[in-house]
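Inspection log for the structure reproduced underneath, given as structure tokens.
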Amino acid sequence: MCDDVPQPPRPEPQFTLVAAGPGGVEPIRVTAVVPCCDEADGIDLAYERIATELSRYDDVELLFVDDGSTDGTLDRIKTFAGADPRVSYLSFTRNFGLEAAFAAGFKYASKDWVVQLDADLQSPPAEVHKLMAKALEGWDVVFGIRTDRHDPLPRRLGSRWQHWFARRALGIELPQGASSFRVVRASVARKIAAAELPMPYFLATVPRVGARWTVVPTEHRPRTRGRSKFSPGRLLAHTVELFLGFSVRPLAALPVLAAVLAAATALAAVAVATGRLGAAGAADAALAAGALNLITLAVIGGYLFRVVRGQPRLARFYVREANLPLAPEDDLYEHERGRAQPARRRLAARPRSLVILGGGTDQVPAYKAARRLGCRVIGVDRRADAPAAPLADRFLNVSTRDAAGILRGLGAEPVDGVLAPAGDAAHPSLQALRQHFATPFRASATATLASVDKGFFHDVVERLGFPRYGYVESPSAAELLALAGRLRFPLVVKPADSSGSKGLSLAEDAAALPAAIDEAAAWSLGGAVIAEELIQGRHFSAECFVDRGELRLAAISERTLTPPPRLITVSHRLPAQLDGHISARLQAMLATLCRGLEIAGGPVNFDFVVDEAGTVYFIEAGARSGGNGMTELIRAVYGVDVLEAAILVALGEPVALAPRPPRTVAMLHVLQADEAGVLTAVEGIELAARHPAVAHVELLRGVGSMVQPYTQAANKLGYVVVTDEQPAAAEAALAEVLDAIKLQVCPGAARQPVEGGVA
């Protein structure tokens with residue numbers, strides 16, 4: 001039913017949570033603390049899943065605590081830190097235990113909230129959002145209660161008995177069933193870490209400090225990699241710590257036990273004297289009394305040990321290596337290093353100002369990445385209600401093509417870098433602003449022109465000696481119609497200076513050409529239209545990254561297109577399945593293209609077709625990062641964040657991009673509407689986000705939003721990224737996820753303006 005259609009709200013920047021503060025919406029800043037001990041087999045997957053899920057928040061730190069690993073865990077963490085500026089790490093001098101690892105994480109967490117996660121992924125990172133949503137209601141600590149727990153039966157029963165006995169018999173206030181999977185307010189976490197309790201036990205400490213706590217049911221999964229580090233002995237030690245460290249009832253019970261023992265001894269003596277108890281019975285009584293005495297001594301010894309532990313002692317942990325500044329008391333080699341710590345992978349102490357041209361849904365990830373890096377973000381878009389506007393520190397309601405207007409709006413604002421992600425229309429302004437502010441990085445004129453003039457790009461391809469196909473370009477419809485006679489139909493007709501498939505259509509014959517030219521001209525920024533011969537074959541994209549003139553990454557994905565006449569990308573598969581010979585040739589061609597476009601650094605993407613004979617035909621190029629969720633797709637496969645790397649390049653910061661060899665297949669699918677209207681209902685998004693194969697799910701339109709059919713990339717409603725080690729399994733998982741997501745549209749909406757500030 002389409003009655004009572006809700007009014008379109010202000011678009012939200014992303015499928016995320018919102019923290020409300022005195023001044024309105026506040027960014028959510030999260031540190032994920034991940035203890036690791038000999039987790040080399042699964043640490044890569046843990047990093048991928050945790051980084052992907054937490055990227056929904058505005059400002060994220062991933063703090064890995066290496067608890068004395070003896071395998072390659074620390075080496076893998078260092079690799080993450082080299083490629084991802086969000087990653088920090090501490091490496092202990094030996095194994096100090098889980099509580100020490102969390103205490104270190106609490107002490108060094110730099111954000112407002114701390115999320116405790118295990119590297120074994122038994123508590124899925126996707127469940128963090130449940131805990132965070134509850135925490136934002138005003139709680140200090142939110143514990144996850146594991147439903148359908150997959151630990152061995154003895155451990156499950158032992159945990160239940162431990163919690164029950166602690167609460168009922170010893171009077172210890174304890175969140176029943178709570179686990180180490182929790183969200184903690186950072187200020188509370190630091191108070192608990194600083195308490196320096198002789199025997200730390202977080203679950204019992206939270207109620208003692210008066211923190212407001214609650215519980216939320218969360219999913220629990222079986223461990224698939226590595227082994228549990230909790231031996232029966234360690235679990236028993238934890239139980240003793242809890243019972244004796246947080247209750248005096250065992251000590252208070254000793255006088256009663258002594259009285260009972262004395263009475264029993266006297267009765268036994270009388271029984272022996274009167275002959276009612278024989279020698280064997282007397283021996284048994286003596287053994288029982290001795291056992292009770294030993295128990296008494298053990299309890300007293302336990303409390304005395306805690307008193308001794310309260311005296312000056314070694315720290316709870318010592319750090320051998322880290323990539324963040326350490327407190328002197330934690331650094332084992334402080335004097336050798338002269339207290340000079342490795343520079344943390346952050347930007348300068350003064351917030352660097354980054355101008356981002358465009359505020360559409362494809363630019364939202366860039367705003368979030370810039371905030372993660374500590375930038376002051378200045379957004380620019382002709383739409384005052386652009387989706388990315390709430391994420392900017394300052395927002396200019398100016399067209400991204402109006403360089404003079406942007407400069408007037410900036411005034412005396414210092415600018416350290418300028419970025420135009422996921423779109424080509426703003427490239428002339430991008431270069432003008434970079435020139436004006438003398439930013440550290442400026443793209444070549446050749447790369448800029450190739451991005452905004454598809455005909456010029458074809459000329460570059462021809463000059464390099466690569467295969468080419470027929471095309472004609474002109475600002476005159478009459479001239480274009482005349483020139484098109486030399487080409488083979490069907491023809492792909494599109495604006496020569498636009499991106500995102502705006503105004504693109506397929507003209508099957510000469511009769512369809514005038515209408516196709518008129519539509520393309522309507523979307524052209526300068527009026528020029530290009531008509532190209534359709535190349536039959538497989539369609540691909542190459543998301544590349546260049547550092548100091550060298551091609552560091554070439555992520556080649558195979559694209560699926562919508563049917564004619566639109567031919568718009570609807571899905572990607574990464575890495576693409578290509579013949580080894582073609583793949584090697586492509587790498588060489590891409591490197592040559594980057595040099596031909598004079599690209600010294602940063603991202604660049606190419607679209608190309610491979611025909612049945614294996615011939616590669618390049619279609620177009622863009623000297624910028626891609627949209628449509630390509631950043632998440634690349635992160636899932638190669639473990640690097642090319643968007644953050646692009647920001648670092650724009651600011652003149654060093655980049656250490658270290659993509660790993662692809663071990664999984666990732667598939668991205670665009671969510672779309674079949675017709676124009678109002679989005680009236682959305683179902684299955686959260687269910688899809690919890691699917692084990694889902695690496696990222698993004699909903700870009702809320703209920704009540706006006707939506708359009710998928711005739712250009714800007715009209716997408718969202719996208720889903722799934723991963724698996726096997727292509728068939730990834731395809732099956734994607735089908736399941738898409739089947740679960742239901743987007744209901746009530747027809748009849750008017751055409752909406754294009755996002756991204758292109759006019």
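For the structure tokens, the naming scheme is as follows: chains receive sequential letters (A, B, ...) according to their order of presentation, residues are indexed from 1 within each chain, and ligands are indexed from 1 in presentation order.
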
Item checked: Who sits within 8 Å of Thr569 of chain A, only C-alpha atoms, same chain under 6 positions skipped, as a ChimeraX atom specification -> /A:559-562,713

Residues at most 12 Å from Tyr89 of chain A, counting only C-alpha atoms, excluding those fewer than 2 positions away in the same chain, as a compact mmCIF listing (two decimals) with N, CA, C and O atoms, in the first residue's frame?
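Below is the file part.txt, written as the result:
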```txt
# COMPACT_ATOMS: atom_id res chain seq x y z
N THR A 31 37.85 2.18 19.97
CA THR A 31 39.09 1.39 19.95
C THR A 31 38.73 -0.07 20.13
O THR A 31 38.06 -0.43 21.09
N ALA A 32 39.14 -0.91 19.20
CA ALA A 32 38.96 -2.36 19.33
C ALA A 32 40.24 -2.94 19.91
O ALA A 32 41.31 -2.81 19.32
N VAL A 33 40.16 -3.55 21.09
CA VAL A 33 41.30 -4.19 21.72
C VAL A 33 41.24 -5.68 21.40
O VAL A 33 40.25 -6.36 21.73
N VAL A 34 42.28 -6.19 20.76
CA VAL A 34 42.30 -7.58 20.30
C VAL A 34 43.53 -8.29 20.86
O VAL A 34 44.63 -8.15 20.33
N PRO A 35 43.39 -9.04 21.96
CA PRO A 35 44.53 -9.82 22.47
C PRO A 35 44.85 -10.98 21.53
O PRO A 35 43.94 -11.60 20.97
N CYS A 36 46.12 -11.27 21.36
CA CYS A 36 46.54 -12.35 20.46
C CYS A 36 47.66 -13.14 21.11
O CYS A 36 48.62 -12.55 21.61
N GLU A 61 40.20 2.88 16.02
CA GLU A 61 41.55 2.42 16.27
C GLU A 61 41.49 0.91 16.49
O GLU A 61 40.62 0.41 17.20
N LEU A 62 42.41 0.19 15.86
CA LEU A 62 42.51 -1.26 16.05
C LEU A 62 43.79 -1.52 16.85
O LEU A 62 44.89 -1.39 16.31
N LEU A 63 43.64 -1.87 18.12
CA LEU A 63 44.79 -2.04 19.02
C LEU A 63 45.00 -3.52 19.29
O LEU A 63 44.23 -4.15 20.02
N PHE A 64 46.02 -4.10 18.67
CA PHE A 64 46.35 -5.51 18.86
C PHE A 64 47.37 -5.62 20.00
O PHE A 64 48.38 -4.89 20.02
N VAL A 65 47.10 -6.53 20.93
CA VAL A 65 48.00 -6.77 22.06
C VAL A 65 48.57 -8.18 21.90
O VAL A 65 47.85 -9.17 22.08
N ASP A 66 49.84 -8.25 21.54
CA ASP A 66 50.51 -9.55 21.35
C ASP A 66 50.98 -10.05 22.72
O ASP A 66 51.94 -9.54 23.29
N ASP A 67 50.30 -11.08 23.22
CA ASP A 67 50.55 -11.58 24.57
C ASP A 67 51.61 -12.69 24.55
O ASP A 67 51.33 -13.84 24.88
N THR A 73 52.60 -14.27 14.67
CA THR A 73 51.50 -13.33 14.92
C THR A 73 51.96 -11.88 14.87
O THR A 73 51.34 -11.04 14.22
N LEU A 74 53.06 -11.56 15.55
CA LEU A 74 53.52 -10.17 15.60
C LEU A 74 53.92 -9.67 14.22
O LEU A 74 53.65 -8.50 13.88
N ASP A 75 54.52 -10.50 13.39
CA ASP A 75 54.91 -10.08 12.04
C ASP A 75 53.68 -9.70 11.23
O ASP A 75 53.70 -8.71 10.48
N ARG A 76 52.59 -10.47 11.37
CA ARG A 76 51.38 -10.15 10.63
C ARG A 76 50.78 -8.83 11.13
O ARG A 76 50.31 -8.01 10.33
N ILE A 77 50.81 -8.62 12.44
CA ILE A 77 50.28 -7.37 13.00
C ILE A 77 51.08 -6.18 12.49
O ILE A 77 50.52 -5.13 12.16
N LYS A 78 52.40 -6.33 12.40
CA LYS A 78 53.23 -5.25 11.87
C LYS A 78 52.87 -4.94 10.41
O LYS A 78 52.89 -3.78 9.98
N THR A 79 52.55 -5.98 9.66
CA THR A 79 52.13 -5.77 8.27
C THR A 79 50.84 -4.97 8.23
O THR A 79 50.69 -4.04 7.42
N PHE A 80 49.89 -5.31 9.10
CA PHE A 80 48.64 -4.54 9.15
C PHE A 80 48.94 -3.08 9.47
O PHE A 80 48.38 -2.16 8.84
N ALA A 81 49.81 -2.85 10.45
CA ALA A 81 50.13 -1.48 10.87
C ALA A 81 50.81 -0.70 9.75
O ALA A 81 50.61 0.52 9.63
N GLY A 82 51.61 -1.39 8.93
CA GLY A 82 52.27 -0.70 7.84
C GLY A 82 51.32 -0.26 6.74
O GLY A 82 51.57 0.73 6.06
N ASP A 84 47.75 0.00 7.29
CA ASP A 84 46.52 0.58 7.82
C ASP A 84 46.87 1.50 8.99
O ASP A 84 47.27 1.04 10.05
N PRO A 85 46.74 2.82 8.83
CA PRO A 85 47.11 3.75 9.91
C PRO A 85 46.23 3.63 11.14
O PRO A 85 46.55 4.21 12.17
N ARG A 86 45.13 2.90 11.05
CA ARG A 86 44.29 2.72 12.23
C ARG A 86 44.86 1.70 13.20
O ARG A 86 44.42 1.60 14.34
N VAL A 87 45.85 0.90 12.75
CA VAL A 87 46.34 -0.22 13.54
C VAL A 87 47.46 0.23 14.47
O VAL A 87 48.46 0.81 14.03
N SER A 91 53.44 -5.36 22.10
CA SER A 91 53.94 -6.73 22.16
C SER A 91 54.58 -6.97 23.52
O SER A 91 55.58 -6.33 23.86
N PHE A 92 54.00 -7.87 24.31
CA PHE A 92 54.50 -8.16 25.65
C PHE A 92 55.84 -8.91 25.58
O PHE A 92 56.12 -9.61 24.62
N ALA A 101 46.39 -8.36 29.13
CA ALA A 101 46.26 -7.83 27.76
C ALA A 101 45.15 -6.80 27.69
O ALA A 101 45.30 -5.74 27.07
N ALA A 104 46.21 -3.56 29.40
CA ALA A 104 47.05 -2.76 28.52
C ALA A 104 46.22 -2.06 27.46
O ALA A 104 46.43 -0.89 27.15
N GLY A 105 45.24 -2.78 26.91
CA GLY A 105 44.36 -2.17 25.92
C GLY A 105 43.58 -1.01 26.50
O GLY A 105 43.44 0.05 25.86
N TYR A 108 45.94 2.10 26.92
CA TYR A 108 46.46 2.77 25.73
C TYR A 108 45.40 3.06 24.67
O TYR A 108 45.72 3.63 23.63
N ALA A 109 44.15 2.69 24.92
CA ALA A 109 43.08 3.02 23.97
C ALA A 109 42.94 4.53 23.86
O ALA A 109 42.94 5.24 24.87
N VAL A 319 56.24 -4.25 28.10
CA VAL A 319 56.14 -4.21 26.64
C VAL A 319 57.54 -4.23 26.04
O VAL A 319 58.42 -3.46 26.45
N ARG A 320 57.72 -5.12 25.06
CA ARG A 320 58.99 -5.21 24.36
C ARG A 320 59.02 -4.29 23.14
O ARG A 320 60.06 -3.72 22.80
N GLU A 321 57.87 -4.15 22.47
CA GLU A 321 57.83 -3.42 21.20
C GLU A 321 56.44 -2.85 21.00
O GLU A 321 55.44 -3.46 21.40
N ALA A 322 56.34 -1.68 20.37
CA ALA A 322 55.04 -1.05 20.11
C ALA A 322 55.21 -0.01 19.02
O ALA A 322 56.34 0.40 18.70
N ASN A 323 54.10 0.41 18.44
CA ASN A 323 54.15 1.50 17.46
C ASN A 323 53.40 2.73 17.96
O ASN A 323 52.91 3.53 17.19
N LEU A 324 53.30 2.85 19.29
CA LEU A 324 52.69 4.02 19.90
C LEU A 324 53.49 4.40 21.13
O LEU A 324 54.21 3.56 21.69
N PRO A 325 53.43 5.64 21.58
CA PRO A 325 54.22 6.07 22.74
C PRO A 325 53.85 5.27 23.99
O PRO A 325 52.68 5.09 24.30
N LEU A 326 54.88 4.81 24.72
CA LEU A 326 54.66 3.99 25.92
C LEU A 326 54.92 4.80 27.18
O LEU A 326 55.76 5.71 27.21
N PRO A 342 58.93 4.65 18.27
CA PRO A 342 58.60 4.73 16.85
C PRO A 342 57.41 5.65 16.63
O PRO A 342 56.47 5.65 17.42
N ARG A 344 54.04 6.95 15.64
CA ARG A 344 52.76 6.30 15.38
C ARG A 344 52.24 6.73 14.03
O ARG A 344 52.41 7.86 13.62
N ARG A 345 51.58 5.81 13.36
CA ARG A 345 51.11 6.09 11.99
C ARG A 345 49.87 6.97 12.02
O ARG A 345 48.76 6.56 11.76
```

Next item on the list: Taking the chain letters and numbering used in this document, name the residues of segment 648-757 of chain A that DSSP puts in helix (DSSP H, G or I), as a list in words.
Entry: Leu648, Val649, Ala650, Ile685, Glu686, Leu687, Ala688, Ala689, Ala713, Ala714, Asn715, Pro727, Ala728, Ala729, Ala730, Glu731, Ala732, Ala733, Leu734, Ala735, Glu736, Val737, Leu738, Asp739 and Ala740 of chain A

Note to self: Using DSSP assignments from the backbone, pull out every residue in segment 323-540 of chain A that falls under strand (DSSP E or B) and give it to me as a ChimeraX atom specification.
What the structure shows: /A:331,353-357,376-380,394-396,417-419,471-474,491-495,505-507,529-533,538-540

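Taking atom CA of Ala189 of chain A and atom CA of Ala46 of chain A as the two end points, the separation is 23.1 Å.
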
Notebook entry, point to check: Distance atom CA of Pro563 of chain A-atom CA of Leu700 of chain A, one decimal place?
Noted result: 23.4 Å
